[in-house]
Structures are given as structure tokens and as C-alpha cells.
file data.cif (mmCIF, C-alpha atoms)
data_protein
loop_
_atom_site.label_atom_id
_atom_site.label_comp_id
_atom_site.auth_asym_id
_atom_site.auth_seq_id
_atom_site.Cartn_x
_atom_site.Cartn_y
_atom_site.Cartn_z
CA GLY A 3 115.44 116.19 98.77
CA GLU A 4 112.50 115.00 96.73
CA ASN A 5 110.28 117.96 96.07
CA VAL A 6 107.65 119.09 93.57
CA GLU A 7 106.37 122.66 93.71
CA GLN A 8 103.07 123.51 92.02
CA HIS A 9 101.58 126.93 91.21
CA PRO A 10 99.10 128.47 91.48
CA SER A 11 97.19 126.89 94.35
CA THR A 12 93.92 128.26 92.99
CA LEU A 13 93.01 129.39 89.49
CA SER A 14 89.79 130.85 88.21
CA VAL A 15 89.19 131.36 84.49
CA GLN A 16 86.27 132.22 82.25
CA GLU A 17 84.73 129.43 80.25
CA GLY A 18 86.43 129.21 76.90
CA ASP A 19 89.69 130.72 78.09
CA SER A 20 92.91 128.79 78.66
CA ALA A 21 94.36 127.63 81.96
CA VAL A 22 98.01 126.96 82.73
CA ILE A 23 99.39 125.19 85.80
CA LYS A 24 103.13 125.01 86.43
CA CYS A 25 105.35 122.64 88.40
CA THR A 26 109.02 122.45 89.22
CA TYR A 27 110.92 119.44 90.49
CA SER A 28 114.17 118.91 92.33
CA ASP A 29 115.61 115.66 90.94
CA SER A 30 117.36 116.17 87.61
CA ALA A 31 117.19 112.40 87.02
CA SER A 32 113.37 112.37 87.04
CA ASN A 33 112.03 111.09 83.73
CA TYR A 34 108.27 110.68 84.16
CA PHE A 35 105.75 113.48 84.82
CA PRO A 36 102.03 112.68 85.09
CA TRP A 37 99.10 114.98 85.73
CA TYR A 38 96.02 113.95 87.69
CA LYS A 39 92.54 115.43 87.91
CA GLN A 40 90.56 114.93 91.09
CA GLU A 41 86.90 115.83 91.20
CA LEU A 42 85.20 116.33 94.52
CA GLY A 43 84.84 113.08 96.43
CA LYS A 44 86.53 111.00 93.74
CA ARG A 45 89.88 109.37 93.22
CA PRO A 46 92.68 111.09 91.28
CA GLN A 47 92.49 110.22 87.58
CA LEU A 48 95.47 110.28 85.24
CA ILE A 49 94.73 112.74 82.42
CA ILE A 50 98.08 113.05 80.64
CA ASP A 51 101.72 112.26 81.22
CA ILE A 52 105.05 113.03 79.60
CA ARG A 53 108.42 111.37 79.64
CA SER A 54 111.75 113.13 79.51
CA ASN A 55 112.52 112.17 75.92
CA VAL A 56 109.85 114.55 74.60
CA GLY A 57 109.21 118.24 75.14
CA GLU A 58 105.48 118.40 74.54
CA LYS A 59 102.49 116.11 74.39
CA LYS A 60 98.90 116.90 73.42
CA ASP A 61 95.60 115.15 73.89
CA GLN A 62 92.66 117.12 72.50
CA ARG A 63 92.27 120.21 74.71
CA ILE A 64 95.05 119.38 77.14
CA ALA A 65 98.79 119.55 76.62
CA VAL A 66 101.85 119.19 78.77
CA THR A 67 105.23 120.78 78.16
CA LEU A 68 108.53 119.81 79.75
CA ASN A 69 111.73 121.82 80.12
CA LYS A 70 114.33 119.44 81.52
CA THR A 71 117.05 122.05 81.71
CA ALA A 72 114.96 124.28 83.92
CA LYS A 73 113.32 121.30 85.67
CA HIS A 74 109.79 122.46 85.13
CA PHE A 75 106.69 121.23 83.37
CA SER A 76 103.29 122.73 82.72
CA LEU A 77 99.71 121.67 82.03
CA HIS A 78 97.76 123.67 79.45
CA ILE A 79 93.99 123.39 79.08
CA THR A 80 92.45 125.24 76.15
CA GLU A 81 88.80 126.13 75.52
CA THR A 82 87.97 125.41 79.13
CA GLN A 83 84.58 124.01 80.03
CA PRO A 84 82.69 123.82 83.36
CA GLU A 85 83.52 120.11 83.65
CA ASP A 86 87.21 121.04 83.79
CA SER A 87 86.61 122.41 87.30
CA ALA A 88 88.55 120.15 89.68
CA VAL A 89 91.80 119.90 91.62
CA TYR A 90 94.79 119.12 89.43
CA PHE A 91 97.99 117.50 90.72
CA CYS A 92 101.32 117.26 89.00
CA ALA A 93 103.84 114.60 89.97
CA ALA A 94 107.39 113.55 89.23
CA MET A 95 109.01 110.13 89.40
CA PHE A 96 112.11 110.22 91.58
CA GLN A 97 114.43 107.64 90.09
CA GLY A 98 116.55 106.77 93.07
CA ALA A 99 113.59 105.84 95.22
CA GLN A 100 111.35 104.80 92.31
CA LYS A 101 108.42 106.71 93.73
CA LEU A 102 105.97 109.34 92.54
CA VAL A 103 105.99 112.63 94.46
CA PHE A 104 103.01 114.95 94.04
CA GLY A 105 102.72 118.70 93.91
CA GLN A 106 100.46 120.56 96.28
CA GLY A 107 97.55 120.74 93.87
CA THR A 108 95.70 123.51 91.99
CA ARG A 109 92.01 124.10 92.43
CA LEU A 110 90.74 125.15 89.00
CA THR A 111 87.36 126.85 88.74
CA ILE A 112 85.77 127.53 85.36
CA ASN A 113 83.30 130.40 85.50
CA PRO A 114 80.39 130.23 83.06
CA SER B 16 94.28 99.83 83.44
CA ALA B 17 93.85 97.60 86.49
CA VAL B 18 90.60 97.60 88.44
CA ILE B 19 91.38 98.43 92.06
CA SER B 20 88.78 97.87 94.76
CA GLN B 21 89.10 99.21 98.27
CA LYS B 22 87.01 98.66 101.34
CA PRO B 23 85.67 100.14 103.41
CA SER B 24 84.88 103.16 101.25
CA ARG B 25 84.32 105.19 104.39
CA ASP B 26 84.16 104.70 108.12
CA ILE B 27 83.77 106.65 111.31
CA CYS B 28 86.04 105.41 114.05
CA GLN B 29 86.61 106.09 117.70
CA ARG B 30 89.87 107.43 119.02
CA GLY B 31 92.26 104.68 120.11
CA THR B 32 90.84 101.98 117.85
CA SER B 33 92.42 100.46 114.74
CA LEU B 34 91.00 99.95 111.27
CA THR B 35 92.19 97.74 108.44
CA ILE B 36 91.69 98.83 104.84
CA GLN B 37 91.68 96.21 102.12
CA CYS B 38 92.84 96.63 98.53
CA GLN B 39 92.08 94.09 95.82
CA VAL B 40 93.46 94.31 92.27
CA ASP B 41 92.07 92.37 89.31
CA SER B 42 95.54 91.47 88.01
CA GLN B 43 98.86 90.47 89.51
CA VAL B 44 101.11 93.40 90.34
CA THR B 45 104.57 93.47 91.83
CA MET B 46 104.31 96.71 93.76
CA MET B 47 101.36 98.26 95.53
CA PHE B 48 101.46 101.71 97.06
CA TRP B 49 99.53 103.25 99.92
CA TYR B 50 98.94 107.02 99.90
CA ARG B 51 97.31 109.35 102.38
CA GLN B 52 95.36 112.46 101.42
CA GLN B 53 94.56 114.69 104.36
CA PRO B 54 91.59 117.06 103.97
CA GLY B 55 92.30 119.63 101.27
CA GLN B 56 95.84 118.39 100.83
CA SER B 57 97.95 116.56 98.28
CA LEU B 58 98.82 112.89 98.17
CA THR B 59 101.61 111.60 100.40
CA LEU B 60 103.16 108.18 100.00
CA ILE B 61 102.96 106.11 103.18
CA ALA B 62 104.70 102.94 102.02
CA THR B 63 105.44 100.61 99.15
CA ALA B 64 104.28 97.01 99.56
CA ASN B 65 106.02 94.20 97.68
CA GLN B 66 104.75 90.66 97.84
CA GLY B 67 106.85 88.45 100.07
CA SER B 68 108.87 91.19 101.71
CA GLU B 69 108.53 93.90 104.33
CA ALA B 70 106.91 97.12 103.23
CA THR B 71 109.15 100.13 102.68
CA TYR B 72 107.96 103.14 104.67
CA GLU B 73 108.47 106.79 103.84
CA SER B 74 109.88 109.31 106.25
CA GLY B 75 107.32 110.13 108.90
CA PHE B 76 105.49 106.82 108.68
CA VAL B 77 106.29 103.76 110.83
CA ILE B 78 105.26 100.15 110.77
CA ASP B 79 103.80 100.20 114.27
CA LYS B 80 101.32 102.89 113.26
CA PHE B 81 100.63 101.67 109.71
CA PRO B 82 101.26 97.93 109.49
CA ILE B 83 100.88 96.58 105.96
CA SER B 84 100.31 93.07 104.69
CA ARG B 85 100.91 91.81 101.17
CA PRO B 86 100.03 88.11 101.16
CA ASN B 87 99.86 87.72 97.37
CA LEU B 88 100.19 89.61 94.09
CA THR B 89 96.59 90.89 94.02
CA PHE B 90 95.87 91.93 97.60
CA SER B 91 97.16 94.21 100.34
CA THR B 92 95.94 95.65 103.61
CA LEU B 93 96.83 98.81 105.48
CA THR B 94 95.99 99.13 109.16
CA VAL B 95 95.74 102.50 110.84
CA SER B 96 96.52 101.76 114.48
CA ASN B 97 95.58 103.56 117.67
CA MET B 98 93.78 106.24 115.70
CA SER B 99 93.54 109.90 116.65
CA PRO B 100 91.59 112.71 114.95
CA GLU B 101 94.78 113.62 113.05
CA ASP B 102 94.46 110.32 111.19
CA SER B 103 91.23 111.48 109.56
CA SER B 104 92.12 111.26 105.89
CA ILE B 105 91.48 109.48 102.65
CA TYR B 106 93.72 106.44 102.26
CA LEU B 107 94.37 105.35 98.70
CA CYS B 108 95.76 102.14 97.33
CA SER B 109 97.53 102.37 93.98
CA VAL B 110 99.33 100.22 91.44
CA THR B 111 101.38 100.88 88.35
CA GLY B 112 100.22 100.04 84.86
CA ALA B 113 102.18 98.47 82.05
CA ALA B 114 103.76 101.78 81.07
CA GLY B 115 104.62 102.74 84.62
CA GLU B 116 101.63 105.03 85.14
CA LEU B 117 99.97 105.04 88.56
CA PHE B 118 96.32 104.15 89.05
CA PHE B 119 94.34 104.66 92.24
CA GLY B 120 91.60 102.81 94.02
CA GLU B 121 88.45 104.67 95.04
CA GLY B 122 89.94 105.51 98.42
CA SER B 123 88.85 104.90 101.99
CA ARG B 124 87.63 107.99 103.83
CA LEU B 125 88.33 107.72 107.56
CA THR B 126 86.87 110.05 110.15
CA VAL B 127 88.23 109.66 113.68
CA LEU B 128 86.17 111.13 116.49
#

call {"tool": "encode", "arguments": {"input": "data.cif", "output": "C-alpha cells"}}
result
Amino acid sequence: GENVEQHPSTLSVQEGDSAVIKCTYSDSASNYFPWYKQELGKRPQLIIDIRSNVGEKKDQRIAVTLNKTAKHFSLHITETQPEDSAVYFCAAMFQGAQKLVFGQGTRLTINP
Amino acid sequence: SAVISQKPSRDICQRGTSLTIQCQVDSQVTMMFWYRQQPGQSLTLIATANQGSEATYESGFVIDKFPISRPNLTFSTLTVSNMSPEDSSIYLCSVTGAAGELFFGEGSRLTVL
């Protein structure tokens, strides 16, 4: 079925260190993988996305990598800052149903 | 990205009542999506609403409980019917952008007593 697994569920890192969140998906035909950041009491905000024709995409301190063969993708945040503290969700577009399925979320805490 | 407005932003409701959430977009969109986010949980798609046709519901969601209207290309409503405390959630309207990315409204936080 349509499934996205996300790990870890919680992550705590020291300010300035890097954070990595990983997701796997079940549909080999999926071709679009966005990441969302949700701060407390706010809506999810798209922070970066990647399509299946590329293996890596960067935007300043954040990057996403995609391994289509293994059906997993990861979010990398470097030089973490306190404002990076939030819940992060990965998602995958399931082609047959044309819908976005979300992972379970990772609560990232940046310790000063 | 589209500007998506939802109302109410929050409400406290009594068990057994129904509440209709409105979603207004500042541009015409073909598909609108309704998601539910239960406390501390991820986002789950309730249904996809296309203008001029019946909404398509995901497994576990039915039209009698979550009727949806889509009268035009900029507006949709979701009704949560005969509410119980288990329906306490954030309900989010969303639309896709030009590149297929998904954008969310501010959400409607429902508390059912």
C-alpha cells in the first residue's frame, strides 16, 4: 500500500551541529518528495523538495538526497540554529492515486 | 504560491453537533485537498475536491461524516458531522502550486467537548 516511514521520531542536536532525518517510501513510481517544517501552532511550510530525476538538491543550510533504487530520501540541515527547532515531515507523491502521503514526523530540538 | 484562507481558525464544539469549515483561495485551482492532523500526529488526507464533481474520499473517511462542497474553482467547504471528541483535530485545506507543490491554509483547530 501507500506508505512513508520516517525516522527518527525525535532528534536533539547541539546548536551548530548537523541534523539528518530519513524517510523510506513504498511506491517505486513515486517521483516527487517534499519536506515540510511545522512550527508550534502553525501550518506546515514547504522548505525543500526533490524530484526523481535528481539525486541531491541544496538550498543554503538544507539539502535533500534521494536514492531511488533503495526508495529512501533524507533531509540534511547543517549549522543548526535554535529557529530550526520544529516538527519536520517528509512526503511522497503516489502516482497512481496522485496524492501526497506524509511520514510520521520528526520533532527536532536544537539545544543552545 | 496561492494565498489560502480558512475559517474558522478555531472553534470549540459540543458533541453531536456539526461544523462547516470554509476554504478560500486567491486563484483558480482545479483540485483542493482536505487533510486532518490529530494532536501530535502527521497529516492524513481526508478527500480530494474537484469542482463540479463528487469529492474522492480516502479509506476511513466517508461522505456522511465529512461532506464536502466545491461550488467553484476558488472555494470549498468541509463539514464535520455529528462530532465526537475523537474529531478534535486541526483540519487543513491545501492546493497545489504551478510546479505541483502543496500549500496549506492556516488550519482550523476543532475541539469537541

call {"tool": "closest_atom_pairs", "arguments": {"input": "data.cif", "of": "stretch 20-80 of chain B", "to": "stretch 86-94 of chain A", "cutoff": "12 Å", "atoms": "only C-alpha atoms", "output": "tab-separated table"}}
result
residue	atom	partner	partner_atom	distance
B:Gly55	CA	A:Val89	CA	9.7
B:Gln56	CA	A:Val89	CA	10.2
B:Ser57	CA	A:Phe91	CA	7.6
B:Leu58	CA	A:Phe91	CA	8.8
B:Thr59	CA	A:Ala93	CA	11.1
B:Leu60	CA	A:Ala93	CA	11.9

call {"tool": "residues_around", "arguments": {"input": "data.cif", "residues": "A:Gln97", "least_positions_apart": "2", "cutoff": "10 Å", "atoms": "all atoms listed in the file", "output": "list in words"}}
result
Asp29, Ser30, Ala31, Ser32, Asn33, Tyr34, Ala94, Met95, Ala99, Gln100, Lys101 and Leu102 of chain A

call {"tool": "interface_residues", "arguments": {"input": "data.cif", "of": "chain A", "to": "chain B", "cutoff": "12 Å", "atoms": "only C-alpha atoms", "output": "PDB file with C-alpha atoms, in the frame of the given file"}}
result
ATOM      1  CA  GLY A   3     115.440 116.190  98.770  1.00  0.00           C
ATOM      2  CA  GLU A   4     112.500 115.000  96.730  1.00  0.00           C
ATOM      3  CA  ASN A   5     110.280 117.960  96.070  1.00  0.00           C
ATOM      4  CA  VAL A   6     107.650 119.090  93.570  1.00  0.00           C
ATOM      5  CA  GLU A   7     106.370 122.660  93.710  1.00  0.00           C
ATOM      6  CA  GLN A   8     103.070 123.510  92.020  1.00  0.00           C
ATOM      7  CA  SER A  11      97.190 126.890  94.350  1.00  0.00           C
ATOM      8  CA  ASN A  33     112.030 111.090  83.730  1.00  0.00           C
ATOM      9  CA  TYR A  34     108.270 110.680  84.160  1.00  0.00           C
ATOM     10  CA  PHE A  35     105.750 113.480  84.820  1.00  0.00           C
ATOM     11  CA  PRO A  36     102.030 112.680  85.090  1.00  0.00           C
ATOM     12  CA  TRP A  37      99.100 114.980  85.730  1.00  0.00           C
ATOM     13  CA  TYR A  38      96.020 113.950  87.690  1.00  0.00           C
ATOM     14  CA  LYS A  39      92.540 115.430  87.910  1.00  0.00           C
ATOM     15  CA  GLN A  40      90.560 114.930  91.090  1.00  0.00           C
ATOM     16  CA  GLU A  41      86.900 115.830  91.200  1.00  0.00           C
ATOM     17  CA  LEU A  42      85.200 116.330  94.520  1.00  0.00           C
ATOM     18  CA  GLY A  43      84.840 113.080  96.430  1.00  0.00           C
ATOM     19  CA  LYS A  44      86.530 111.000  93.740  1.00  0.00           C
ATOM     20  CA  ARG A  45      89.880 109.370  93.220  1.00  0.00           C
ATOM     21  CA  PRO A  46      92.680 111.090  91.280  1.00  0.00           C
ATOM     22  CA  GLN A  47      92.490 110.220  87.580  1.00  0.00           C
ATOM     23  CA  LEU A  48      95.470 110.280  85.240  1.00  0.00           C
ATOM     24  CA  ILE A  49      94.730 112.740  82.420  1.00  0.00           C
ATOM     25  CA  ILE A  50      98.080 113.050  80.640  1.00  0.00           C
ATOM     26  CA  ASP A  51     101.720 112.260  81.220  1.00  0.00           C
ATOM     27  CA  ILE A  52     105.050 113.030  79.600  1.00  0.00           C
ATOM     28  CA  ARG A  53     108.420 111.370  79.640  1.00  0.00           C
ATOM     29  CA  VAL A  89      91.800 119.900  91.620  1.00  0.00           C
ATOM     30  CA  TYR A  90      94.790 119.120  89.430  1.00  0.00           C
ATOM     31  CA  PHE A  91      97.990 117.500  90.720  1.00  0.00           C
ATOM     32  CA  CYS A  92     101.320 117.260  89.000  1.00  0.00           C
ATOM     33  CA  ALA A  93     103.840 114.600  89.970  1.00  0.00           C
ATOM     34  CA  ALA A  94     107.390 113.550  89.230  1.00  0.00           C
ATOM     35  CA  MET A  95     109.010 110.130  89.400  1.00  0.00           C
ATOM     36  CA  ALA A  99     113.590 105.840  95.220  1.00  0.00           C
ATOM     37  CA  GLN A 100     111.350 104.800  92.310  1.00  0.00           C
ATOM     38  CA  LYS A 101     108.420 106.710  93.730  1.00  0.00           C
ATOM     39  CA  LEU A 102     105.970 109.340  92.540  1.00  0.00           C
ATOM     40  CA  VAL A 103     105.990 112.630  94.460  1.00  0.00           C
ATOM     41  CA  PHE A 104     103.010 114.950  94.040  1.00  0.00           C
ATOM     42  CA  GLY A 105     102.720 118.700  93.910  1.00  0.00           C
ATOM     43  CA  GLN A 106     100.460 120.560  96.280  1.00  0.00           C
ATOM     44  CA  GLY A 107      97.550 120.740  93.870  1.00  0.00           C
ATOM     45  CA  THR A 108      95.700 123.510  91.990  1.00  0.00           C
ATOM     46  CA  ARG A 109      92.010 124.100  92.430  1.00  0.00           C
TER      47      ARG A 109
END

call {"tool": "resolve_selection", "arguments": {"input": "data.cif", "expression": "the PyMOL selection byres ((chain A and resi 20) around 9)", "output": "VMD selection string"}}
result
chain A and resid 15 to 19 21 to 22 78 to 82

call {"tool": "residues_around", "arguments": {"input": "data.cif", "residues": "stretch 69-78 of chain B", "least_positions_apart": "2", "cutoff": "10 Å", "atoms": "all atoms listed in the file", "output": "list of chain:residue names"}}
result
B:Met46, B:Met47, B:Phe48, B:Trp49, B:Thr59, B:Leu60, B:Ile61, B:Ala62, B:Thr63, B:Ala64, B:Asn65, B:Gln66, B:Gly67, B:Lys80, B:Phe81, B:Pro82, B:Ile83, B:Ser84, B:Arg85, B:Thr94, B:Val95, B:Ser96

call {"tool": "resolve_selection", "arguments": {"input": "data.cif", "expression": "the PyMOL selection byres ((chain A and resi 24) around 8)", "output": "list in words"}}
result
Gln8, His9, Pro10, Val22, Ile23, Cys25, Thr26, His74, Phe75, Ser76 and Leu77 of chain A

call {"tool": "build_atoms", "arguments": {"input": "data.cif", "residues": "stretch 65-80 of chain A", "atoms": "N, CA and C atoms", "output": "mmCIF file, in the coordinates of the input"}}
result
data_model
loop_
_atom_site.group_PDB
_atom_site.id
_atom_site.type_symbol
_atom_site.label_atom_id
_atom_site.label_comp_id
_atom_site.auth_asym_id
_atom_site.auth_seq_id
_atom_site.Cartn_x
_atom_site.Cartn_y
_atom_site.Cartn_z
ATOM 1 N N ALA A 65 97.414 119.744 77.072
ATOM 2 C CA ALA A 65 98.790 119.550 76.620
ATOM 3 C C ALA A 65 99.709 119.703 77.823
ATOM 4 N N VAL A 66 100.836 119.044 77.736
ATOM 5 C CA VAL A 66 101.850 119.190 78.770
ATOM 6 C C VAL A 66 103.172 119.502 78.090
ATOM 7 N N THR A 67 103.916 120.451 78.666
ATOM 8 C CA THR A 67 105.230 120.780 78.160
ATOM 9 C C THR A 67 106.260 120.502 79.241
ATOM 10 N N LEU A 68 107.450 120.162 78.824
ATOM 11 C CA LEU A 68 108.530 119.810 79.750
ATOM 12 C C LEU A 68 109.805 120.538 79.359
ATOM 13 N N ASN A 69 110.432 121.187 80.317
ATOM 14 C CA ASN A 69 111.730 121.820 80.120
ATOM 15 C C ASN A 69 112.689 121.160 81.111
ATOM 16 N N LYS A 70 113.460 120.204 80.623
ATOM 17 C CA LYS A 70 114.330 119.440 81.520
ATOM 18 C C LYS A 70 115.472 120.279 82.068
ATOM 19 N N THR A 71 115.938 121.214 81.262
ATOM 20 C CA THR A 71 117.050 122.050 81.710
ATOM 21 C C THR A 71 116.638 122.873 82.922
ATOM 22 N N ALA A 72 115.458 123.449 82.838
ATOM 23 C CA ALA A 72 114.960 124.280 83.920
ATOM 24 C C ALA A 72 114.241 123.465 84.992
ATOM 25 N N LYS A 73 114.024 122.189 84.746
ATOM 26 C CA LYS A 73 113.320 121.300 85.670
ATOM 27 C C LYS A 73 111.928 121.814 85.977
ATOM 28 N N HIS A 74 111.186 122.147 84.903
ATOM 29 C CA HIS A 74 109.790 122.460 85.130
ATOM 30 C C HIS A 74 108.913 121.948 84.002
ATOM 31 N N PHE A 75 107.666 121.711 84.331
ATOM 32 C CA PHE A 75 106.690 121.230 83.370
ATOM 33 C C PHE A 75 105.349 121.878 83.646
ATOM 34 N N SER A 76 104.534 121.979 82.616
ATOM 35 C CA SER A 76 103.290 122.730 82.720
ATOM 36 C C SER A 76 102.140 121.970 82.064
ATOM 37 N N LEU A 77 100.957 122.199 82.601
ATOM 38 C CA LEU A 77 99.710 121.670 82.030
ATOM 39 C C LEU A 77 98.956 122.831 81.398
ATOM 40 N N HIS A 78 98.511 122.644 80.171
ATOM 41 C CA HIS A 78 97.760 123.670 79.450
ATOM 42 C C HIS A 78 96.396 123.082 79.087
ATOM 43 N N ILE A 79 95.355 123.786 79.468
ATOM 44 C CA ILE A 79 93.990 123.390 79.080
ATOM 45 C C ILE A 79 93.411 124.517 78.252
ATOM 46 N N THR A 80 93.038 124.225 77.028
ATOM 47 C CA THR A 80 92.450 125.240 76.150
ATOM 48 C C THR A 80 90.939 125.067 76.093
#
